[in-house]
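Structure data (PDB, C-alpha atoms) from data31.pdb:
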```pdb
ATOM      1  CA  MET L 256      -5.661   2.059   5.277
ATOM      2  CA  ASP L 257      -7.810   5.022   6.261
ATOM      3  CA  GLY L 258      -9.163   6.356   9.545
ATOM      4  CA  ASN L 259      -6.142   6.653  11.842
ATOM      5  CA  GLY L 260      -6.781  10.322  12.573
ATOM      6  CA  ARG L 261     -10.485   9.866  13.257
ATOM      7  CA  TRP L 262      -9.744   6.875  15.481
ATOM      8  CA  ALA L 263      -7.438   9.034  17.592
ATOM      9  CA  GLU L 264      -9.762  12.048  17.681
ATOM     10  CA  ARG L 265     -12.696   9.966  18.909
ATOM     11  CA  ARG L 266     -10.540   8.882  21.843
ATOM     12  CA  GLY L 267      -9.111  12.300  22.592
ATOM     13  CA  LEU L 268      -5.633  11.158  21.571
ATOM     14  CA  PRO L 269      -2.959  12.763  19.391
ATOM     15  CA  VAL L 270      -3.147  11.853  15.715
ATOM     16  CA  ALA L 271       0.249  10.169  16.021
ATOM     17  CA  ASP L 272      -1.290   7.635  18.404
ATOM     18  CA  GLY L 273      -3.794   6.734  15.721
ATOM     19  CA  HIS L 274      -0.994   6.172  13.217
ATOM     20  CA  ARG L 275       0.876   3.967  15.683
ATOM     21  CA  GLU L 276      -2.256   1.933  16.285
ATOM     22  CA  GLY L 277      -2.554   1.680  12.515
ATOM     23  CA  THR L 278       0.844  -0.031  12.346
ATOM     24  CA  ARG L 279      -0.440  -2.666  14.764
ATOM     25  CA  ALA L 280      -3.456  -3.174  12.519
ATOM     26  CA  LEU L 281      -1.072  -3.634   9.592
ATOM     27  CA  ARG L 282       0.823  -6.395  11.355
ATOM     28  CA  ARG L 283      -2.437  -8.027  12.453
ATOM     29  CA  THR L 284      -3.815  -7.918   8.923
ATOM     30  CA  VAL L 285      -0.656  -9.263   7.306
ATOM     31  CA  GLU L 286      -0.609 -12.187   9.741
ATOM     32  CA  ALA L 287      -4.277 -12.854   8.992
ATOM     33  CA  ALA L 288      -3.533 -12.720   5.257
ATOM     34  CA  ILE L 289      -0.798 -15.334   5.722
ATOM     35  CA  ASP L 290      -3.216 -17.611   7.562
ATOM     36  CA  LEU L 291      -5.825 -17.145   4.819
ATOM     37  CA  GLY L 292      -3.401 -18.034   2.036
ATOM     38  CA  VAL L 293      -3.039 -14.586   0.506
ATOM     39  CA  ARG L 294       0.228 -14.408  -1.448
ATOM     40  CA  SER L 295       0.426 -10.710  -2.298
ATOM     41  CA  LEU L 296      -0.775  -7.696  -0.311
ATOM     42  CA  ALA L 297      -0.293  -4.028  -1.210
ATOM     43  CA  VAL L 298      -0.955  -1.267   1.323
ATOM     44  CA  TYR L 299      -1.145   2.505   0.860
ATOM     45  CA  ALA L 300       1.035   3.940   3.616
ATOM     46  CA  PHE L 301       1.862   7.489   2.463
ATOM     47  CA  SER L 302       0.683   9.313  -0.640
ATOM     48  CA  THR L 303       2.302  12.064  -2.678
ATOM     49  CA  GLU L 304      -0.456  14.327  -1.354
ATOM     50  CA  ASN L 305       0.263  13.492   2.294
ATOM     51  CA  TRP L 306       3.244  15.869   2.234
ATOM     52  CA  THR L 307       0.711  18.707   2.442
ATOM     53  CA  ARG L 308      -0.313  17.667   5.965
ATOM     54  CA  PRO L 309       0.945  19.708   8.935
ATOM     55  CA  ALA L 310       4.729  19.499   9.271
ATOM     56  CA  ASP L 311       4.587  17.998  12.746
ATOM     57  CA  GLU L 312       2.278  15.211  11.561
ATOM     58  CA  VAL L 313       4.551  14.434   8.600
ATOM     59  CA  GLU L 314       7.568  14.339  10.915
ATOM     60  CA  SER L 315       5.720  11.982  13.248
ATOM     61  CA  LEU L 316       4.764   9.759  10.311
ATOM     62  CA  MET L 317       8.410   9.465   9.239
ATOM     63  CA  GLU L 318       9.349   8.443  12.788
ATOM     64  CA  ILE L 319       6.507   5.918  12.904
ATOM     65  CA  PHE L 320       7.565   4.415   9.564
ATOM     66  CA  GLY L 321      11.013   3.947  11.024
ATOM     67  CA  GLU L 322       9.583   2.368  14.172
ATOM     68  CA  THR L 323       7.454   0.036  12.071
ATOM     69  CA  ILE L 324      10.467  -1.135  10.089
ATOM     70  CA  GLU L 325      12.395  -1.734  13.311
ATOM     71  CA  ARG L 326       9.651  -3.310  15.462
ATOM     72  CA  GLU L 327       6.794  -4.740  13.420
ATOM     73  CA  LEU L 328       8.144  -5.818  10.044
ATOM     74  CA  PRO L 329      11.090  -7.955  11.286
ATOM     75  CA  ASP L 330       8.661 -10.333  13.019
ATOM     76  CA  LEU L 331       6.706 -10.596   9.775
ATOM     77  CA  ALA L 332       9.959 -11.328   7.960
ATOM     78  CA  LYS L 333      10.484 -14.296  10.273
ATOM     79  CA  GLN L 334       7.103 -15.571   9.056
ATOM     80  CA  GLY L 335       8.261 -15.476   5.439
ATOM     81  CA  VAL L 336       7.075 -12.008   4.400
ATOM     82  CA  ARG L 337       9.024 -10.238   1.678
ATOM     83  CA  THR L 338       8.692  -6.452   1.916
ATOM     84  CA  ARG L 339       9.004  -4.086  -1.037
ATOM     85  CA  PHE L 340       8.461  -0.330  -1.086
ATOM     86  CA  ILE L 341       6.944   1.289  -4.171
ATOM     87  CA  GLY L 342       6.867   4.984  -4.984
ATOM     88  CA  ARG L 343       9.463   7.692  -4.488
ATOM     89  CA  ARG L 344      12.107   7.642  -1.770
ATOM     90  CA  ASP L 345      14.219  10.692  -2.483
ATOM     91  CA  ARG L 346      12.023  12.976  -0.368
ATOM     92  CA  ALA L 347      12.216  10.744   2.712
ATOM     93  CA  PRO L 348      14.906  11.316   5.358
ATOM     94  CA  GLU L 349      18.139   9.525   4.474
ATOM     95  CA  TRP L 350      18.008   7.383   7.614
ATOM     96  CA  LEU L 351      14.551   6.144   6.605
ATOM     97  CA  GLN L 352      15.673   5.431   3.038
ATOM     98  CA  ALA L 353      18.490   3.318   4.465
ATOM     99  CA  ARG L 354      16.123   1.307   6.656
ATOM    100  CA  MET L 355      13.774   0.691   3.757
ATOM    101  CA  ALA L 356      16.588  -0.548   1.543
ATOM    102  CA  ALA L 357      17.987  -2.767   4.301
ATOM    103  CA  LEU L 358      14.611  -4.413   4.941
ATOM    104  CA  GLU L 359      14.143  -5.116   1.230
ATOM    105  CA  THR L 360      17.568  -6.755   1.089
ATOM    106  CA  GLU L 361      17.004  -8.793   4.253
ATOM    107  CA  THR L 362      13.648 -10.168   3.065
ATOM    108  CA  ALA L 363      14.449 -10.641  -0.626
ATOM    109  CA  ALA L 364      14.486 -14.446  -0.383
ATOM    110  CA  ASN L 365      11.177 -14.758   1.499
ATOM    111  CA  ASP L 366       8.287 -16.156  -0.515
ATOM    112  CA  ARG L 367       5.339 -16.809   1.799
ATOM    113  CA  LEU L 368       3.710 -13.424   1.191
ATOM    114  CA  SER L 369       4.824 -10.352  -0.730
ATOM    115  CA  LEU L 370       4.040  -7.134   1.142
ATOM    116  CA  TRP L 371       4.108  -4.056  -1.091
ATOM    117  CA  ILE L 372       4.168  -0.798   0.847
ATOM    118  CA  ALA L 373       3.255   2.251  -1.226
ATOM    119  CA  PHE L 374       5.298   5.132   0.207
ATOM    120  CA  ASP L 375       5.316   8.633  -1.288
ATOM    121  CA  TYR L 376       3.168   7.042  -3.944
ATOM    122  CA  GLY L 377       0.650   8.504  -6.363
ATOM    123  CA  GLY L 378      -0.973   6.666  -9.255
ATOM    124  CA  ARG L 379      -0.878   9.673 -11.565
ATOM    125  CA  ALA L 380       2.762  10.409 -10.746
ATOM    126  CA  GLU L 381       3.613   6.772 -11.471
ATOM    127  CA  LEU L 382       2.017   6.972 -14.931
ATOM    128  CA  VAL L 383       3.746  10.265 -15.704
ATOM    129  CA  GLU L 384       7.137   8.819 -14.728
ATOM    130  CA  ALA L 385       6.492   5.664 -16.755
ATOM    131  CA  THR L 386       5.668   7.786 -19.812
ATOM    132  CA  ARG L 387       8.850   9.811 -19.353
ATOM    133  CA  ARG L 388      10.893   6.608 -19.275
ATOM    134  CA  LEU L 389       9.316   5.442 -22.531
ATOM    135  CA  ILE L 390      10.209   8.754 -24.179
ATOM    136  CA  GLU L 391      13.759   8.672 -22.775
ATOM    137  CA  ALA L 392      14.138   5.128 -24.125
ATOM    138  CA  GLY L 393      13.321   6.450 -27.589
ATOM    139  CA  LEU L 394      10.376   4.152 -28.278
ATOM    140  CA  ARG L 395       8.503   4.814 -31.488
ATOM    141  CA  PRO L 396       4.789   5.590 -31.066
ATOM    142  CA  GLU L 397       3.818   2.324 -32.738
ATOM    143  CA  ASP L 398       5.890   0.403 -30.174
ATOM    144  CA  VAL L 399       4.049   1.869 -27.179
ATOM    145  CA  ASP L 400       1.422  -0.530 -25.878
ATOM    146  CA  GLU L 401       0.110  -1.653 -22.483
ATOM    147  CA  ASN L 402       2.987  -4.059 -21.933
ATOM    148  CA  ALA L 403       5.589  -1.415 -22.711
ATOM    149  CA  LEU L 404       4.067   1.068 -20.300
ATOM    150  CA  ALA L 405       3.498  -1.516 -17.562
ATOM    151  CA  ALA L 406       7.180  -2.449 -17.727
ATOM    152  CA  GLN L 407       8.073   1.112 -16.685
ATOM    153  CA  LEU L 408       5.899   1.267 -13.563
ATOM    154  CA  TYR L 409       7.507   1.487 -10.120
ATOM    155  CA  ALA L 410       7.197  -2.282  -9.575
ATOM    156  CA  PRO L 411       6.451  -4.095 -12.859
ATOM    157  CA  GLU L 412       6.406  -7.408 -11.001
ATOM    158  CA  LEU L 413       3.549  -6.292  -8.717
ATOM    159  CA  PRO L 414       0.535  -8.418  -9.744
ATOM    160  CA  ASP L 415      -2.678  -6.582 -10.593
ATOM    161  CA  PRO L 416      -4.767  -6.680  -7.416
ATOM    162  CA  ASP L 417      -7.862  -8.885  -7.454
ATOM    163  CA  LEU L 418      -9.468  -7.008  -4.573
ATOM    164  CA  LEU L 419      -9.260  -3.483  -3.163
ATOM    165  CA  ILE L 420     -10.405  -2.949   0.439
ATOM    166  CA  ARG L 421     -10.882   0.617   1.644
ATOM    167  CA  THR L 422     -11.595   1.293   5.300
ATOM    168  CA  SER L 423     -13.377   4.034   7.267
ATOM    169  CA  GLY L 424     -16.325   4.471   4.899
ATOM    170  CA  GLU L 425     -14.446   6.408   2.212
ATOM    171  CA  LEU L 426     -15.719   5.596  -1.283
ATOM    172  CA  ARG L 427     -12.892   6.556  -3.628
ATOM    173  CA  LEU L 428      -9.549   5.290  -4.932
ATOM    174  CA  SER L 429      -7.525   8.336  -3.839
ATOM    175  CA  ASN L 430      -4.861   7.975  -6.529
ATOM    176  CA  PHE L 431      -3.906   4.416  -5.544
ATOM    177  CA  LEU L 432      -2.637   1.960  -8.194
ATOM    178  CA  LEU L 433      -4.760   3.541 -10.925
ATOM    179  CA  TRP L 434      -3.260   1.378 -13.669
ATOM    180  CA  GLN L 435      -3.178  -1.865 -11.698
ATOM    181  CA  LEU L 436      -6.727  -1.611 -10.299
ATOM    182  CA  ALA L 437      -8.390  -1.464 -13.725
ATOM    183  CA  TYR L 438     -10.355  -4.693 -13.130
ATOM    184  CA  ALA L 439     -10.089  -5.127  -9.372
ATOM    185  CA  GLU L 440     -13.170  -5.850  -7.295
ATOM    186  CA  LEU L 441     -13.880  -3.137  -4.713
ATOM    187  CA  VAL L 442     -14.997  -3.540  -1.109
ATOM    188  CA  PHE L 443     -15.653  -0.545   1.143
ATOM    189  CA  VAL L 444     -16.021  -1.004   4.900
ATOM    190  CA  GLU L 445     -16.971   1.376   7.694
ATOM    191  CA  THR L 446     -14.307   0.089  10.090
ATOM    192  CA  LEU L 447     -11.563   2.585  10.900
ATOM    193  CA  TRP L 448      -8.179   1.156   9.978
ATOM    194  CA  PRO L 449      -6.824   0.816  13.556
ATOM    195  CA  ASP L 450      -9.811  -1.450  14.351
ATOM    196  CA  PHE L 451      -9.406  -3.566  11.207
ATOM    197  CA  GLY L 452      -8.502  -7.213  11.755
ATOM    198  CA  GLU L 453      -8.883 -10.814  10.706
ATOM    199  CA  ASP L 454     -12.689 -10.858  10.845
ATOM    200  CA  ASP L 455     -12.883  -7.814   8.558
ATOM    201  CA  LEU L 456     -10.458  -9.396   6.124
ATOM    202  CA  ARG L 457     -12.375 -12.663   6.121
ATOM    203  CA  ARG L 458     -15.646 -10.848   5.360
ATOM    204  CA  ALA L 459     -14.057  -8.906   2.522
ATOM    205  CA  LEU L 460     -12.634 -12.082   1.005
ATOM    206  CA  ALA L 461     -15.977 -13.853   1.393
ATOM    207  CA  ASP L 462     -17.656 -10.954  -0.414
ATOM    208  CA  TYR L 463     -15.039 -11.162  -3.166
ATOM    209  CA  ALA L 464     -15.657 -14.903  -3.516
ATOM    210  CA  THR L 465     -19.273 -14.207  -4.514
ATOM    211  CA  ARG L 466     -18.303 -11.897  -7.383
ATOM    212  CA  ARG L 467     -18.300 -12.994 -10.992
ATOM    213  CA  ARG L 468     -15.320 -11.428 -12.735
ATOM    214  CA  ARG L 469     -15.809 -10.927 -16.466
ATOM    215  CA  PHE L 470     -12.949  -8.536 -17.324
ATOM    216  CA  GLY L 471     -15.151  -6.809 -19.898
ATOM    217  CA  GLY L 472     -16.523 -10.020 -21.377
ATOM    218  CA  ARG L 473     -19.793 -11.823 -20.793
TER     219      ARG L 473
END
```

Could you write out this file's structure as structure tokens?
Amino acid sequence: MDGNGRWAERRGLPVADGHREGTRALRRTVEAAIDLGVRSLAVYAFSTENWTRPADEVESLMEIFGETIERELPDLAKQGVRTRFIGRRDRAPEWLQARMAALETETAANDRLSLWIAFDYGGRAELVEATRRLIEAGLRPEDVDENALAAQLYAPELPDPDLLIRTSGELRLSNFLLWQLAYAELVFVETLWPDFGEDDLRRALADYATRRRRFGGR
């Protein structure tokens, strides 16, 4: 979900306004995904590298995450959305950690759509932590395979994505789900995230539907 800052700058608004508009785009997109029959949706909300942004922007982002949990996500929960957070939490404010945990508990029984929110997440950090867990578990080298490593990821039950959509014209993965995206189809769009909506999602899915997925075969 990229382009919040540029969206705000083009309108002469504070960056925080762009992030808040981005939360509205998230709700809009999740509702569109429900209507289109999508069962699992992962979004990149805050990366391990985002901590290097100006302190006031990071503080605003924490507040906006809290607002999103309080205002946007409960309505999605009523529509059957189960929310899970993946990544680290220990560096987030305690009040935000509590809200995240409460939302996960409250939506645990929902099964219409699984919404995975990557927070303080980095694909490389996830692989490093998974490797550490394998070592701590005392696995022998011959017992380490893809299944063993995958079981130690932040959310082993997260299905490998079929499709990655990146907004705002950026053409890179930016450390997102590096293990899980191994065979995902990629779609890059020029739309800034706050302007993203159902039509954009429909076009991306239509593009995906034309792809022939071979997973390394013929």

**Report entry** Atomic separation - atom CA of Leu456 of chain L relative to atom CA of Leu368 of chain L, Å
**Finding:**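 It comes out at 15.5 Å.
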
* Taking the file as shown, what set of residues would the PyMOL selection byres ((chain L and resi 469-473) around 12) give back, as a ChimeraX atom specification? -> /L:417,436-440,466-468

Using 9 Å as the limit and counting all atoms listed in the file, can you tabulate each residue of segment 355-388 of chain L that touches segment 393-409 of chain L, with its shortest atom-to-atom distance in Å and the two atoms involved, as JSON lines?
```
{"residue": "L:Glu381", "atom": "CA", "partner": "L:Leu408", "partner_atom": "CA", "distance": 6.3}
{"residue": "L:Leu382", "atom": "CA", "partner": "L:Leu408", "partner_atom": "CA", "distance": 7.0}
{"residue": "L:Glu384", "atom": "CA", "partner": "L:Leu408", "partner_atom": "CA", "distance": 7.7}
{"residue": "L:Ala385", "atom": "CA", "partner": "L:Gln407", "partner_atom": "CA", "distance": 4.8}
{"residue": "L:Thr386", "atom": "CA", "partner": "L:Leu404", "partner_atom": "CA", "distance": 6.9}
{"residue": "L:Arg388", "atom": "CA", "partner": "L:Gln407", "partner_atom": "CA", "distance": 6.7}
```

Q) Using the chain letters and numbers from the file, which residues does the PyMOL selection byres ((chain L and resi 431-434) around 9) grab, as a ChimeraX atom specification? A) /L:299,302,373,376-379,381-382,405,415-416,428-430,435-437

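Taking only C-alpha atoms into account, Val293 of chain L lies nearest to L:Asp366 out of the set L:Asp311, L:Asp366, L:Asp345, L:Glu276.
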
Do a neighbour search on Arg261 of chain L at 10 Å with all atoms listed in the file, toss out local chain neighbours closer than 3 positions, and write the hits as a list in words.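 That gives Asp257, Gly258, Glu264, Arg265, Arg266, Gly267, Leu268, Val270, Gly273, Ser423, Leu447, Trp448 and Pro449 of chain L.
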
*asked:* Using all atoms listed in the file, can you tell me which of L:Ala271, L:Ala353, L:Ala380, L:Ala459 comes closest to Leu418 of chain L?
replied: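 For Leu418 of chain L, the nearest of the given residues is L:Ala459.
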
Hey, what comes out of the PyMOL selection byres ((chain L and resi 328-334) around 8) on this file? Could you write it as a tab-separated table (two decimals) with C-alpha atoms, in the coordinates of the input?
```
chain	number	residue	atom	x	y	z
L	282	ARG	CA	0.82	-6.40	11.36
L	285	VAL	CA	-0.66	-9.26	7.31
L	286	GLU	CA	-0.61	-12.19	9.74
L	323	THR	CA	7.45	0.04	12.07
L	324	ILE	CA	10.47	-1.14	10.09
L	325	GLU	CA	12.40	-1.73	13.31
L	326	ARG	CA	9.65	-3.31	15.46
L	327	GLU	CA	6.79	-4.74	13.42
L	335	GLY	CA	8.26	-15.48	5.44
L	336	VAL	CA	7.08	-12.01	4.40
L	337	ARG	CA	9.02	-10.24	1.68
L	338	THR	CA	8.69	-6.45	1.92
L	362	THR	CA	13.65	-10.17	3.06
L	365	ASN	CA	11.18	-14.76	1.50
L	367	ARG	CA	5.34	-16.81	1.80
```

What is the distance, in Å and to one decimal place, between atom CA of Arg275 of chain L and atom CA of Ile319 of chain L?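 Result for atom CA of Arg275 of chain L versus atom CA of Ile319 of chain L: 6.6 Å, one decimal.
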
Let me have the centre and edge lengths in Å, one decimal, of the box along x, y and z around every listed atom of segment 289-292 of chain L with 3 Å of margin on each side, as JSON.
```
{"center_x": -3.3, "center_y": -16.7, "center_z": 4.8, "size_x": 11.0, "size_y": 8.7, "size_z": 11.5}
```

Shortest contact to Asp455 of chain L, candidates L:Ala263, L:Ala310, L:Ile289, L:Ala280, atoms counted only C-alpha atoms, goes to L:Ala280

Open item on the list: I need the residue nearest Ala347 of chain L from this list: L:Gly321, L:Pro309, L:Gly452, L:Pro269. Use all atoms listed in the file for the distance.
Closed with: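 Closest to Ala347 of chain L of all the choices is L:Gly321.
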
- Query: Hey, what's within 8 Å of Val298 of chain L if we count only C-alpha atoms and toss same-chain stuff fewer than 2 positions away? As a ChimeraX atom specification, please?
  - Reply: /L:256,296,300,370-373

Subject >> Which of L:Asn259, L:Thr303, L:Thr446, L:Ser295 sits closest to Arg279 of chain L [using only C-alpha atoms] >> reply: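 That would be L:Asn259, the residue with the smallest distance to Arg279 of chain L.
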
Notebook entry, point to check: Smallest atom-to-atom distance to Val313 of chain L: which of L:Thr278, L:Ala364, L:Glu349, L:Asp375, using all atoms listed in the file?
Noted result: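 Nearest to Val313 of chain L: L:Asp375.
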
List as a ChimeraX atom specification the protein and nucleic acid residues near Arg457 of chain L, meaning an atom at most 9 Å away when only C-alpha atoms are counted, but skip any in the same chain fewer than 6 places from it. /L:287-288,291

Rounded to one decimal in Å, what is the spacing between atom CA of Glu304 of chain L and atom CA of Arg343 of chain L?
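Separating atom CA of Glu304 of chain L from atom CA of Arg343 of chain L is a distance of 12.3 Å.
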
(2.9, 6.1, 5.7) in this file's frame - what residues fall within 7 Å of it? Use only C-alpha atoms and give the answer as a PDB file with C-alpha atoms, in the coordinates of the input.
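point32.pdb was written with the following content:
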```
ATOM      1  CA  ALA L 300       1.035   3.940   3.616  1.00  0.00           C
ATOM      2  CA  PHE L 301       1.862   7.489   2.463  1.00  0.00           C
ATOM      3  CA  LEU L 316       4.764   9.759  10.311  1.00  0.00           C
ATOM      4  CA  PHE L 320       7.565   4.415   9.564  1.00  0.00           C
ATOM      5  CA  PHE L 374       5.298   5.132   0.207  1.00  0.00           C
TER       6      PHE L 374
END
```
